[in-house]
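Pasted below: data.pdb, PDB, N, CA and C atoms and all ligand atoms.
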```pdb
ATOM      1  N   MET A  60       0.849  -1.201   0.000
ATOM      2  CA  MET A  60       0.000   0.000   0.000
ATOM      3  C   MET A  60       0.884   1.250   0.000
ATOM      4  N   THR A  61       0.539   2.202  -0.778
ATOM      5  CA  THR A  61       1.404   3.373  -0.912
ATOM      6  C   THR A  61       1.004   4.476   0.069
ATOM      7  N   VAL A  62       1.982   5.254   0.430
ATOM      8  CA  VAL A  62       1.757   6.430   1.278
ATOM      9  C   VAL A  62       2.323   7.628   0.526
ATOM     10  N   PRO A  63       1.941   8.840   0.905
ATOM     11  CA  PRO A  63       2.486  10.006   0.219
ATOM     12  C   PRO A  63       4.023   9.992   0.245
ATOM     13  N   GLU A  64       4.628  10.421  -0.867
ATOM     14  CA  GLU A  64       6.084  10.357  -1.020
ATOM     15  C   GLU A  64       6.826  11.038   0.128
ATOM     16  N   LYS A  65       6.335  12.201   0.533
ATOM     17  CA  LYS A  65       6.977  12.959   1.611
ATOM     18  C   LYS A  65       6.990  12.125   2.908
ATOM     19  N   THR A  66       5.876  11.489   3.195
ATOM     20  CA  THR A  66       5.760  10.651   4.394
ATOM     21  C   THR A  66       6.684   9.441   4.290
ATOM     22  N   TRP A  67       6.727   8.851   3.105
ATOM     23  CA  TRP A  67       7.570   7.674   2.870
ATOM     24  C   TRP A  67       9.028   7.990   3.227
ATOM     25  N   TYR A  68       9.533   9.121   2.724
ATOM     26  CA  TYR A  68      10.927   9.493   3.009
ATOM     27  C   TYR A  68      11.120   9.871   4.473
ATOM     28  N   GLN A  69      10.108  10.451   5.068
ATOM     29  CA  GLN A  69      10.157  10.808   6.494
ATOM     30  C   GLN A  69      10.324   9.534   7.341
ATOM     31  N   VAL A  70       9.537   8.518   7.023
ATOM     32  CA  VAL A  70       9.621   7.237   7.741
ATOM     33  C   VAL A  70      10.971   6.578   7.467
ATOM     34  N   PHE A  71      11.430   6.643   6.214
ATOM     35  CA  PHE A  71      12.717   6.051   5.827
ATOM     36  C   PHE A  71      13.849   6.660   6.651
ATOM     37  N   ARG A  72      13.837   7.984   6.781
ATOM     38  CA  ARG A  72      14.900   8.666   7.544
ATOM     39  C   ARG A  72      14.780   8.359   9.041
ATOM     40  N   ARG A  73      13.551   8.432   9.567
ATOM     41  CA  ARG A  73      13.341   8.158  10.997
ATOM     42  C   ARG A  73      13.864   6.772  11.371
ATOM     43  N   ASP A  74      13.602   5.773  10.505
ATOM     44  CA  ASP A  74      13.995   4.391  10.784
ATOM     45  C   ASP A  74      15.399   4.074  10.255
ATOM     46  N   LYS A  75      16.106   5.126   9.831
ATOM     47  CA  LYS A  75      17.523   5.053   9.454
ATOM     48  C   LYS A  75      17.829   4.043   8.351
ATOM     49  N   GLY A  76      16.856   3.822   7.474
ATOM     50  CA  GLY A  76      17.095   2.946   6.328
ATOM     51  C   GLY A  76      17.233   1.475   6.674
ATOM     52  N   LEU A  77      16.749   1.085   7.854
ATOM     53  CA  LEU A  77      16.835  -0.326   8.268
ATOM     54  C   LEU A  77      15.435  -0.923   8.375
ATOM     55  N   CYS A  78      15.265  -2.143   7.859
ATOM     56  CA  CYS A  78      13.988  -2.831   8.051
ATOM     57  C   CYS A  78      13.796  -3.001   9.546
ATOM     58  N   GLN A  79      12.694  -2.504  10.058
ATOM     59  CA  GLN A  79      12.464  -2.539  11.501
ATOM     60  C   GLN A  79      12.049  -3.926  11.992
ATOM     61  N   TYR A  80      11.783  -4.822  11.064
ATOM     62  CA  TYR A  80      11.414  -6.185  11.454
ATOM     63  C   TYR A  80      12.608  -7.136  11.430
ATOM     64  N   CYS A  81      13.426  -7.077  10.359
ATOM     65  CA  CYS A  81      14.544  -8.040  10.254
ATOM     66  C   CYS A  81      15.913  -7.373  10.277
ATOM     67  N   GLY A  82      15.961  -6.047  10.210
ATOM     68  CA  GLY A  82      17.235  -5.349  10.293
ATOM     69  C   GLY A  82      17.967  -5.188   8.970
ATOM     70  N   LEU A  83      17.373  -5.643   7.871
ATOM     71  CA  LEU A  83      18.028  -5.514   6.567
ATOM     72  C   LEU A  83      18.359  -4.044   6.287
ATOM     73  N   ASP A  84      19.607  -3.808   5.839
ATOM     74  CA  ASP A  84      20.051  -2.450   5.516
ATOM     75  C   ASP A  84      19.542  -2.090   4.121
ATOM     76  N   LEU A  85      18.547  -1.242   4.089
ATOM     77  CA  LEU A  85      17.880  -0.927   2.822
ATOM     78  C   LEU A  85      18.650   0.092   1.980
ATOM     79  N   VAL A  86      19.738   0.631   2.508
ATOM     80  CA  VAL A  86      20.588   1.492   1.692
ATOM     81  C   VAL A  86      21.948   0.822   1.415
ATOM     82  N   ALA A  87      22.026  -0.477   1.643
ATOM     83  CA  ALA A  87      23.275  -1.200   1.378
ATOM     84  C   ALA A  87      23.633  -1.123  -0.101
ATOM     85  N   ASN A  88      22.631  -1.245  -0.955
ATOM     86  CA  ASN A  88      22.846  -1.106  -2.393
ATOM     87  C   ASN A  88      21.507  -0.786  -3.064
ATOM     88  N   PHE A  89      21.559  -0.605  -4.370
ATOM     89  CA  PHE A  89      20.339  -0.176  -5.068
ATOM     90  C   PHE A  89      19.238  -1.243  -5.020
ATOM     91  N   SER A  90      19.633  -2.536  -5.022
ATOM     92  CA  SER A  90      18.635  -3.612  -4.946
ATOM     93  C   SER A  90      17.885  -3.586  -3.618
ATOM     94  N   THR A  91      18.637  -3.398  -2.531
ATOM     95  CA  THR A  91      17.957  -3.359  -1.233
ATOM     96  C   THR A  91      17.104  -2.096  -1.120
ATOM     97  N   PHE A  92      17.592  -0.997  -1.691
ATOM     98  CA  PHE A  92      16.793   0.232  -1.662
ATOM     99  C   PHE A  92      15.467   0.019  -2.401
ATOM    100  N   ASN A  93      15.548  -0.693  -3.522
ATOM    101  CA  ASN A  93      14.323  -0.962  -4.286
ATOM    102  C   ASN A  93      13.397  -1.924  -3.554
ATOM    103  N   ALA A  94      13.926  -2.623  -2.547
ATOM    104  CA  ALA A  94      13.105  -3.557  -1.769
ATOM    105  C   ALA A  94      12.522  -2.885  -0.525
ATOM    106  N   ALA A  95      12.668  -1.574  -0.428
ATOM    107  CA  ALA A  95      12.131  -0.861   0.740
ATOM    108  C   ALA A  95      10.623  -0.706   0.626
ATOM    109  N   ALA A  96       9.948  -0.885   1.753
ATOM    110  CA  ALA A  96       8.495  -0.731   1.804
ATOM    111  C   ALA A  96       8.133  -0.064   3.124
ATOM    112  N   VAL A  97       6.912   0.407   3.181
ATOM    113  CA  VAL A  97       6.415   0.999   4.423
ATOM    114  C   VAL A  97       5.183   0.206   4.835
ATOM    115  N   ASP A  98       5.214  -0.306   6.068
ATOM    116  CA  ASP A  98       4.115  -1.135   6.587
ATOM    117  C   ASP A  98       3.193  -0.304   7.466
ATOM    118  N   HIS A  99       1.893  -0.496   7.260
ATOM    119  CA  HIS A  99       0.911   0.111   8.162
ATOM    120  C   HIS A  99       0.758  -0.808   9.374
ATOM    121  N   ILE A 100       1.016  -0.310  10.565
ATOM    122  CA  ILE A 100       0.872  -1.141  11.768
ATOM    123  C   ILE A 100      -0.609  -1.490  11.953
ATOM    124  N   ILE A 101      -1.452  -0.484  11.883
ATOM    125  CA  ILE A 101      -2.897  -0.726  11.827
ATOM    126  C   ILE A 101      -3.316  -0.495  10.378
ATOM    127  N   ALA A 102      -3.847  -1.543   9.744
ATOM    128  CA  ALA A 102      -4.207  -1.464   8.329
ATOM    129  C   ALA A 102      -5.197  -0.333   8.069
ATOM    130  N   LYS A 103      -5.087   0.253   6.880
ATOM    131  CA  LYS A 103      -6.018   1.326   6.531
ATOM    132  C   LYS A 103      -7.464   0.816   6.554
ATOM    133  N   SER A 104      -7.636  -0.462   6.162
ATOM    134  CA  SER A 104      -8.988  -1.043   6.161
ATOM    135  C   SER A 104      -9.540  -1.204   7.578
ATOM    136  N   SER A 105      -8.648  -1.136   8.581
ATOM    137  CA  SER A 105      -9.084  -1.205   9.984
ATOM    138  C   SER A 105      -9.055   0.166  10.644
ATOM    139  N   GLY A 106      -8.967   1.194   9.839
ATOM    140  CA  GLY A 106      -8.998   2.550  10.380
ATOM    141  C   GLY A 106      -7.632   3.164  10.625
ATOM    142  N   GLY A 107      -6.562   2.489  10.211
ATOM    143  CA  GLY A 107      -5.211   3.028  10.378
ATOM    144  C   GLY A 107      -4.971   4.205   9.435
ATOM    145  N   THR A 108      -4.041   5.069   9.828
ATOM    146  CA  THR A 108      -3.784   6.274   9.040
ATOM    147  C   THR A 108      -2.459   6.161   8.286
ATOM    148  N   ASP A 109      -2.217   7.167   7.451
ATOM    149  CA  ASP A 109      -0.932   7.298   6.744
ATOM    150  C   ASP A 109       0.029   8.190   7.534
ATOM    151  N   LYS A 110      -0.248   8.401   8.813
ATOM    152  CA  LYS A 110       0.646   9.235   9.622
ATOM    153  C   LYS A 110       1.871   8.409  10.033
ATOM    154  N   PRO A 111       3.042   9.058  10.154
ATOM    155  CA  PRO A 111       4.277   8.318  10.484
ATOM    156  C   PRO A 111       4.151   7.439  11.724
ATOM    157  N   GLU A 112       3.356   7.826  12.716
ATOM    158  CA  GLU A 112       3.212   7.029  13.944
ATOM    159  C   GLU A 112       2.629   5.645  13.643
ATOM    160  N   ASN A 113       1.912   5.531  12.528
ATOM    161  CA  ASN A 113       1.301   4.245  12.177
ATOM    162  C   ASN A 113       2.116   3.502  11.106
ATOM    163  N   LEU A 114       3.278   4.065  10.768
ATOM    164  CA  LEU A 114       4.046   3.484   9.663
ATOM    165  C   LEU A 114       5.411   3.029  10.145
ATOM    166  N   ILE A 115       5.922   1.975   9.505
ATOM    167  CA  ILE A 115       7.209   1.429   9.884
ATOM    168  C   ILE A 115       7.954   1.029   8.609
ATOM    169  N   LEU A 116       9.229   1.356   8.563
ATOM    170  CA  LEU A 116      10.031   0.983   7.397
ATOM    171  C   LEU A 116      10.343  -0.503   7.446
ATOM    172  N   CYS A 117      10.185  -1.166   6.318
ATOM    173  CA  CYS A 117      10.514  -2.594   6.269
ATOM    174  C   CYS A 117      10.921  -2.985   4.863
ATOM    175  N   CYS A 118      11.363  -4.245   4.723
ATOM    176  CA  CYS A 118      11.716  -4.754   3.397
ATOM    177  C   CYS A 118      10.482  -5.432   2.800
ATOM    178  N   THR A 119      10.505  -5.639   1.484
ATOM    179  CA  THR A 119       9.337  -6.259   0.849
ATOM    180  C   THR A 119       9.131  -7.692   1.358
ATOM    181  N   GLY A 120      10.214  -8.377   1.743
ATOM    182  CA  GLY A 120      10.079  -9.730   2.276
ATOM    183  C   GLY A 120       9.237  -9.739   3.544
ATOM    184  N   CYS A 121       9.587  -8.867   4.477
ATOM    185  CA  CYS A 121       8.824  -8.786   5.729
ATOM    186  C   CYS A 121       7.418  -8.268   5.463
ATOM    187  N   ASN A 122       7.314  -7.282   4.589
ATOM    188  CA  ASN A 122       6.001  -6.729   4.275
ATOM    189  C   ASN A 122       5.082  -7.819   3.715
ATOM    190  N   GLY A 123       5.654  -8.677   2.860
ATOM    191  CA  GLY A 123       4.874  -9.760   2.272
ATOM    192  C   GLY A 123       4.371 -10.750   3.317
ATOM    193  N   MET A 124       5.171 -10.975   4.357
ATOM    194  CA  MET A 124       4.767 -11.907   5.422
ATOM    195  C   MET A 124       3.590 -11.356   6.225
ATOM    196  N   LEU A 125       3.384 -10.054   6.125
ATOM    197  CA  LEU A 125       2.367  -9.405   6.966
ATOM    198  C   LEU A 125       1.084  -9.059   6.224
ATOM    199  N   THR A 126       1.045  -9.374   4.925
ATOM    200  CA  THR A 126      -0.114  -8.911   4.140
ATOM    201  C   THR A 126      -1.441  -9.481   4.638
ATOM    202  N   ARG A 127      -1.409 -10.693   5.188
ATOM    203  CA  ARG A 127      -2.669 -11.279   5.668
ATOM    204  C   ARG A 127      -2.746 -11.258   7.193
ATOM    205  N   SER A 128      -2.093 -10.287   7.811
ATOM    206  CA  SER A 128      -2.041 -10.244   9.270
ATOM    207  C   SER A 128      -2.596  -8.941   9.825
ATOM    208  N   ASN A 129      -3.703  -8.498   9.247
ATOM    209  CA  ASN A 129      -4.288  -7.229   9.701
ATOM    210  C   ASN A 129      -4.794  -7.287  11.141
ATOM    211  N   GLU A 130      -4.944  -8.547  11.656
ATOM    212  CA  GLU A 130      -5.417  -8.673  13.043
ATOM    213  C   GLU A 130      -4.308  -8.314  14.040
ATOM    214  N   LEU A 131      -3.058  -8.312  13.572
ATOM    215  CA  LEU A 131      -1.944  -7.929  14.449
ATOM    216  C   LEU A 131      -1.770  -6.413  14.358
ATOM    217  N   LYS A 132      -2.122  -5.714  15.417
ATOM    218  CA  LYS A 132      -2.202  -4.265  15.351
ATOM    219  C   LYS A 132      -1.140  -3.531  16.154
ATOM    220  N   THR A 133      -0.079  -4.249  16.570
ATOM    221  CA  THR A 133       1.021  -3.557  17.247
ATOM    222  C   THR A 133       2.338  -3.969  16.585
ATOM    223  N   PHE A 134       3.324  -3.085  16.696
ATOM    224  CA  PHE A 134       4.644  -3.380  16.137
ATOM    225  C   PHE A 134       5.194  -4.680  16.726
ATOM    226  N   VAL A 135       5.034  -4.857  18.031
ATOM    227  CA  VAL A 135       5.599  -6.032  18.708
ATOM    228  C   VAL A 135       4.990  -7.335  18.175
ATOM    229  N   THR A 136       3.677  -7.395  18.045
ATOM    230  CA  THR A 136       3.056  -8.642  17.574
ATOM    231  C   THR A 136       3.405  -8.902  16.109
ATOM    232  N   ARG A 137       3.512  -7.830  15.321
ATOM    233  CA  ARG A 137       3.871  -7.997  13.909
ATOM    234  C   ARG A 137       5.323  -8.478  13.795
ATOM    235  N   LYS A 138       6.186  -7.920  14.614
ATOM    236  CA  LYS A 138       7.594  -8.333  14.576
ATOM    237  C   LYS A 138       7.746  -9.792  15.005
ATOM    238  N   GLN A 139       6.973 -10.216  15.993
ATOM    239  CA  GLN A 139       7.035 -11.614  16.443
ATOM    240  C   GLN A 139       6.673 -12.573  15.307
ATOM    241  N   LEU A 140       5.642 -12.224  14.545
ATOM    242  CA  LEU A 140       5.230 -13.073  13.427
ATOM    243  C   LEU A 140       6.341 -13.149  12.379
ATOM    244  N   VAL A 141       6.908 -11.997  12.044
ATOM    245  CA  VAL A 141       7.982 -11.968  11.046
ATOM    246  C   VAL A 141       9.163 -12.806  11.513
ATOM    247  N   GLN A 142       9.548 -12.675  12.775
ATOM    248  CA  GLN A 142      10.700 -13.431  13.282
ATOM    249  C   GLN A 142      10.436 -14.933  13.239
ATOM    250  N   LYS A 143       9.222 -15.351  13.556
ATOM    251  CA  LYS A 143       8.845 -16.767  13.504
ATOM    252  C   LYS A 143       8.956 -17.264  12.056
ATOM    253  N   ASN A 144       8.420 -16.485  11.116
ATOM    254  CA  ASN A 144       8.486 -16.863   9.701
ATOM    255  C   ASN A 144       9.918 -16.905   9.188
ATOM    256  N   HIS A 145      10.743 -15.969   9.645
ATOM    257  CA  HIS A 145      12.141 -15.942   9.212
ATOM    258  C   HIS A 145      12.860 -17.205   9.632
ATOM    259  N   VAL A 146      12.649 -17.642  10.871
ATOM    260  CA  VAL A 146      13.311 -18.848  11.371
ATOM    261  C   VAL A 146      12.923 -20.042  10.499
ATOM    262  N   GLU A 147      11.620 -20.173  10.196
ATOM    263  CA  GLU A 147      11.153 -21.293   9.369
ATOM    264  C   GLU A 147      11.716 -21.207   7.955
ATOM    265  N   LYS A 148      11.666 -20.021   7.376
ATOM    266  CA  LYS A 148      12.118 -19.868   5.992
ATOM    267  C   LYS A 148      13.630 -20.006   5.862
ATOM    268  N   GLU A 149      14.374 -19.575   6.857
ATOM    269  CA  GLU A 149      15.833 -19.649   6.763
ATOM    270  C   GLU A 149      16.316 -21.099   6.754
ATOM    271  N   SER A 150      15.697 -21.978   7.544
ATOM    272  CA  SER A 150      16.139 -23.370   7.525
ATOM    273  C   SER A 150      15.756 -24.011   6.189
ATOM    274  N   TRP A 151      14.596 -23.666   5.663
ATOM    275  CA  TRP A 151      14.197 -24.157   4.341
ATOM    276  C   TRP A 151      15.168 -23.639   3.281
ATOM    277  N   PHE A 152      15.512 -22.354   3.360
ATOM    278  CA  PHE A 152      16.406 -21.737   2.386
ATOM    279  C   PHE A 152      17.784 -22.399   2.384
ATOM    280  N   ALA A 153      18.327 -22.700   3.560
ATOM    281  CA  ALA A 153      19.653 -23.311   3.656
ATOM    282  C   ALA A 153      19.682 -24.633   2.888
ATOM    283  N   LYS A 154      18.618 -25.437   3.035
ATOM    284  CA  LYS A 154      18.521 -26.724   2.354
ATOM    285  C   LYS A 154      18.369 -26.511   0.839
ATOM    286  N   PHE A 155      17.487 -25.600   0.475
ATOM    287  CA  PHE A 155      17.222 -25.309  -0.935
ATOM    288  C   PHE A 155      18.478 -24.790  -1.633
ATOM    289  N   LYS A 156      19.194 -23.908  -0.950
ATOM    290  CA  LYS A 156      20.406 -23.331  -1.529
ATOM    291  C   LYS A 156      21.436 -24.429  -1.834
ATOM    292  N   ARG A 157      21.606 -25.370  -0.880
ATOM    293  CA  ARG A 157      22.538 -26.472  -1.093
ATOM    294  C   ARG A 157      22.164 -27.252  -2.360
ATOM    295  N   GLU A 158      20.864 -27.553  -2.509
ATOM    296  CA  GLU A 158      20.396 -28.300  -3.683
ATOM    297  C   GLU A 158      20.724 -27.551  -4.971
ATOM    298  N   VAL A 159      20.450 -26.254  -4.993
ATOM    299  CA  VAL A 159      20.661 -25.457  -6.195
ATOM    300  C   VAL A 159      22.148 -25.365  -6.524
ATOM    301  N   VAL A 160      22.961 -25.110  -5.506
ATOM    302  CA  VAL A 160      24.395 -24.940  -5.736
ATOM    303  C   VAL A 160      25.026 -26.232  -6.254
ATOM    304  N   GLU A 161      24.505 -27.374  -5.773
ATOM    305  CA  GLU A 161      25.029 -28.674  -6.228
ATOM    306  C   GLU A 161      24.829 -28.902  -7.721
ATOM    307  N   THR A 162      23.844 -28.266  -8.310
ATOM    308  CA  THR A 162      23.559 -28.470  -9.737
ATOM    309  C   THR A 162      24.384 -27.543 -10.631
ATOM    310  N   ARG A 163      25.187 -26.681 -10.031
ATOM    311  CA  ARG A 163      25.972 -25.740 -10.861
ATOM    312  C   ARG A 163      27.129 -26.431 -11.556
TER     313      ARG A 163
HETATM  314 ZN    ZN A 201      12.761  -7.197   6.676
END
```
Show me the file's structure as structure tokens.
Ligand SMILES: [Zn+2]
Amino acid sequence: MTVPEKTWYQVFRRDKGLCQYCGLDLVANFSTFNAAAVDHIIAKSSGGTDKPENLILCCTGCNGMLTRSNELKTFVTRKQLVQKNHVEKESWFAKFKREVVETR
């Protein structure tokens, strides 16, 4: 979901260019910068606003994990879900990566 450009950059600067859920450095390079997103803590469909207090800088990976989690209305509960998903996905990724690299 998009927010006004001015607000987007305001949130980006406030959160120092780091995904607030996983810590990814979104200014590390142009690819990570392009993966920057802004998450609504309280979804707009649930009455959340586009004000910076309701917005958090994150990466598209974390944002994607939260798209169906509008019932989680605090930063802490949203971060817990992302961290749980990261642990599961990272072990899957390690196995998958080995398989792919073996075929090179
Ligand atoms: Zn992230």
Can you tell me, as a VMD selection string, what residues are no more than 10 Å from Asp98 (chain A) when counting only C-alpha atoms, ignoring any on the same chain fewer than 2 positions away?
chain A and resid 60 to 62 79 95 to 96 100 to 102 109 113 to 119 121 to 123 125 to 126 134
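Of note, CA of Glu147 (chain A) and CA of Gly120 (chain A) are spaced 13.6 Å apart.
Among A:Val97, A:Glu158, A:Thr133, A:Gly107, the residue with the shortest atom-to-atom distance to Gln69 (chain A), counting only C-alpha atoms, is A:Val97.
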Work out how far apart atom ZN of ligand ZN 201 (chain A) and CA of Tyr80 (chain A) are and give it in Å to one decimal.
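Computed distance, atom ZN of ligand ZN 201 (chain A) to CA of Tyr80 (chain A), equals 5.1 Å.
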In Å, rounded to a single decimal, give me how far CA of Lys65 (chain A) is from CA of Gly82 (chain A).
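So the two atoms, CA of Gly82 (chain A) and CA of Lys65 (chain A), lie 22.7 Å apart.
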So which residues of chain A fall under helix (DSSP H, G or I) by DSSP, listed as a short mmCIF file (atom, residue, chain, number, x, y, z; two decimals) with N, CA and C atoms, in the coordinates of the input?
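Saved as out35.cif:
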```cif
data_model
loop_
_atom_site.label_atom_id
_atom_site.label_comp_id
_atom_site.auth_asym_id
_atom_site.auth_seq_id
_atom_site.Cartn_x
_atom_site.Cartn_y
_atom_site.Cartn_z
N GLU A 64 4.63 10.42 -0.87
CA GLU A 64 6.08 10.36 -1.02
C GLU A 64 6.83 11.04 0.13
N LYS A 65 6.34 12.20 0.53
CA LYS A 65 6.98 12.96 1.61
C LYS A 65 6.99 12.12 2.91
N THR A 66 5.88 11.49 3.20
CA THR A 66 5.76 10.65 4.39
C THR A 66 6.68 9.44 4.29
N TRP A 67 6.73 8.85 3.10
CA TRP A 67 7.57 7.67 2.87
C TRP A 67 9.03 7.99 3.23
N TYR A 68 9.53 9.12 2.72
CA TYR A 68 10.93 9.49 3.01
C TYR A 68 11.12 9.87 4.47
N GLN A 69 10.11 10.45 5.07
CA GLN A 69 10.16 10.81 6.49
C GLN A 69 10.32 9.53 7.34
N VAL A 70 9.54 8.52 7.02
CA VAL A 70 9.62 7.24 7.74
C VAL A 70 10.97 6.58 7.47
N PHE A 71 11.43 6.64 6.21
CA PHE A 71 12.72 6.05 5.83
C PHE A 71 13.85 6.66 6.65
N ARG A 72 13.84 7.98 6.78
CA ARG A 72 14.90 8.67 7.54
C ARG A 72 14.78 8.36 9.04
N ARG A 73 13.55 8.43 9.57
CA ARG A 73 13.34 8.16 11.00
C ARG A 73 13.86 6.77 11.37
N PHE A 89 21.56 -0.60 -4.37
CA PHE A 89 20.34 -0.18 -5.07
C PHE A 89 19.24 -1.24 -5.02
N SER A 90 19.63 -2.54 -5.02
CA SER A 90 18.64 -3.61 -4.95
C SER A 90 17.89 -3.59 -3.62
N THR A 91 18.64 -3.40 -2.53
CA THR A 91 17.96 -3.36 -1.23
C THR A 91 17.10 -2.10 -1.12
N PHE A 92 17.59 -1.00 -1.69
CA PHE A 92 16.79 0.23 -1.66
C PHE A 92 15.47 0.02 -2.40
N ASN A 93 15.55 -0.69 -3.52
CA ASN A 93 14.32 -0.96 -4.29
C ASN A 93 13.40 -1.92 -3.55
N LYS A 103 -5.09 0.25 6.88
CA LYS A 103 -6.02 1.33 6.53
C LYS A 103 -7.46 0.82 6.55
N SER A 104 -7.64 -0.46 6.16
CA SER A 104 -8.99 -1.04 6.16
C SER A 104 -9.54 -1.20 7.58
N SER A 105 -8.65 -1.14 8.58
CA SER A 105 -9.08 -1.20 9.98
C SER A 105 -9.06 0.17 10.64
N PRO A 111 3.04 9.06 10.15
CA PRO A 111 4.28 8.32 10.48
C PRO A 111 4.15 7.44 11.72
N GLU A 112 3.36 7.83 12.72
CA GLU A 112 3.21 7.03 13.94
C GLU A 112 2.63 5.64 13.64
N ASN A 113 1.91 5.53 12.53
CA ASN A 113 1.30 4.24 12.18
C ASN A 113 2.12 3.50 11.11
N THR A 119 10.50 -5.64 1.48
CA THR A 119 9.34 -6.26 0.85
C THR A 119 9.13 -7.69 1.36
N GLY A 120 10.21 -8.38 1.74
CA GLY A 120 10.08 -9.73 2.28
C GLY A 120 9.24 -9.74 3.54
N CYS A 121 9.59 -8.87 4.48
CA CYS A 121 8.82 -8.79 5.73
C CYS A 121 7.42 -8.27 5.46
N ASN A 122 7.31 -7.28 4.59
CA ASN A 122 6.00 -6.73 4.28
C ASN A 122 5.08 -7.82 3.72
N GLY A 123 5.65 -8.68 2.86
CA GLY A 123 4.87 -9.76 2.27
C GLY A 123 4.37 -10.75 3.32
N MET A 124 5.17 -10.98 4.36
CA MET A 124 4.77 -11.91 5.42
C MET A 124 3.59 -11.36 6.22
N PHE A 134 3.32 -3.08 16.70
CA PHE A 134 4.64 -3.38 16.14
C PHE A 134 5.19 -4.68 16.73
N VAL A 135 5.03 -4.86 18.03
CA VAL A 135 5.60 -6.03 18.71
C VAL A 135 4.99 -7.34 18.18
N THR A 136 3.68 -7.40 18.05
CA THR A 136 3.06 -8.64 17.57
C THR A 136 3.40 -8.90 16.11
N ARG A 137 3.51 -7.83 15.32
CA ARG A 137 3.87 -8.00 13.91
C ARG A 137 5.32 -8.48 13.80
N LYS A 138 6.19 -7.92 14.61
CA LYS A 138 7.59 -8.33 14.58
C LYS A 138 7.75 -9.79 15.00
N GLN A 139 6.97 -10.22 15.99
CA GLN A 139 7.04 -11.61 16.44
C GLN A 139 6.67 -12.57 15.31
N LEU A 140 5.64 -12.22 14.54
CA LEU A 140 5.23 -13.07 13.43
C LEU A 140 6.34 -13.15 12.38
N VAL A 141 6.91 -12.00 12.04
CA VAL A 141 7.98 -11.97 11.05
C VAL A 141 9.16 -12.81 11.51
N GLN A 142 9.55 -12.68 12.78
CA GLN A 142 10.70 -13.43 13.28
C GLN A 142 10.44 -14.93 13.24
N LYS A 143 9.22 -15.35 13.56
CA LYS A 143 8.85 -16.77 13.50
C LYS A 143 8.96 -17.26 12.06
N ASN A 144 8.42 -16.48 11.12
CA ASN A 144 8.49 -16.86 9.70
C ASN A 144 9.92 -16.90 9.19
N HIS A 145 10.74 -15.97 9.64
CA HIS A 145 12.14 -15.94 9.21
C HIS A 145 12.86 -17.20 9.63
N VAL A 146 12.65 -17.64 10.87
CA VAL A 146 13.31 -18.85 11.37
C VAL A 146 12.92 -20.04 10.50
N GLU A 147 11.62 -20.17 10.20
CA GLU A 147 11.15 -21.29 9.37
C GLU A 147 11.72 -21.21 7.96
N LYS A 148 11.67 -20.02 7.38
CA LYS A 148 12.12 -19.87 5.99
C LYS A 148 13.63 -20.01 5.86
N GLU A 149 14.37 -19.58 6.86
CA GLU A 149 15.83 -19.65 6.76
C GLU A 149 16.32 -21.10 6.75
N SER A 150 15.70 -21.98 7.54
CA SER A 150 16.14 -23.37 7.52
C SER A 150 15.76 -24.01 6.19
N TRP A 151 14.60 -23.67 5.66
CA TRP A 151 14.20 -24.16 4.34
C TRP A 151 15.17 -23.64 3.28
N PHE A 152 15.51 -22.35 3.36
CA PHE A 152 16.41 -21.74 2.39
C PHE A 152 17.78 -22.40 2.38
N ALA A 153 18.33 -22.70 3.56
CA ALA A 153 19.65 -23.31 3.66
C ALA A 153 19.68 -24.63 2.89
N LYS A 154 18.62 -25.44 3.04
CA LYS A 154 18.52 -26.72 2.35
C LYS A 154 18.37 -26.51 0.84
N PHE A 155 17.49 -25.60 0.48
CA PHE A 155 17.22 -25.31 -0.94
C PHE A 155 18.48 -24.79 -1.63
N LYS A 156 19.19 -23.91 -0.95
CA LYS A 156 20.41 -23.33 -1.53
C LYS A 156 21.44 -24.43 -1.83
N ARG A 157 21.61 -25.37 -0.88
CA ARG A 157 22.54 -26.47 -1.09
C ARG A 157 22.16 -27.25 -2.36
N GLU A 158 20.86 -27.55 -2.51
CA GLU A 158 20.40 -28.30 -3.68
C GLU A 158 20.72 -27.55 -4.97
N VAL A 159 20.45 -26.25 -4.99
CA VAL A 159 20.66 -25.46 -6.20
C VAL A 159 22.15 -25.36 -6.52
N VAL A 160 22.96 -25.11 -5.51
CA VAL A 160 24.40 -24.94 -5.74
C VAL A 160 25.03 -26.23 -6.25
N GLU A 161 24.50 -27.37 -5.77
CA GLU A 161 25.03 -28.67 -6.23
C GLU A 161 24.83 -28.90 -7.72
#
```
Picked from chain A by DSSP as strand (DSSP E or B), as number ranges by chain:
A: 77, 84, 95-99, 114-118
So, with only C-alpha atoms and all ligand atoms as the atoms that count, which of A:Val159, A:Ser128, A:Trp151, A:Cys78 lies closest to ligand ZN 201 (chain A)?
A:Cys78
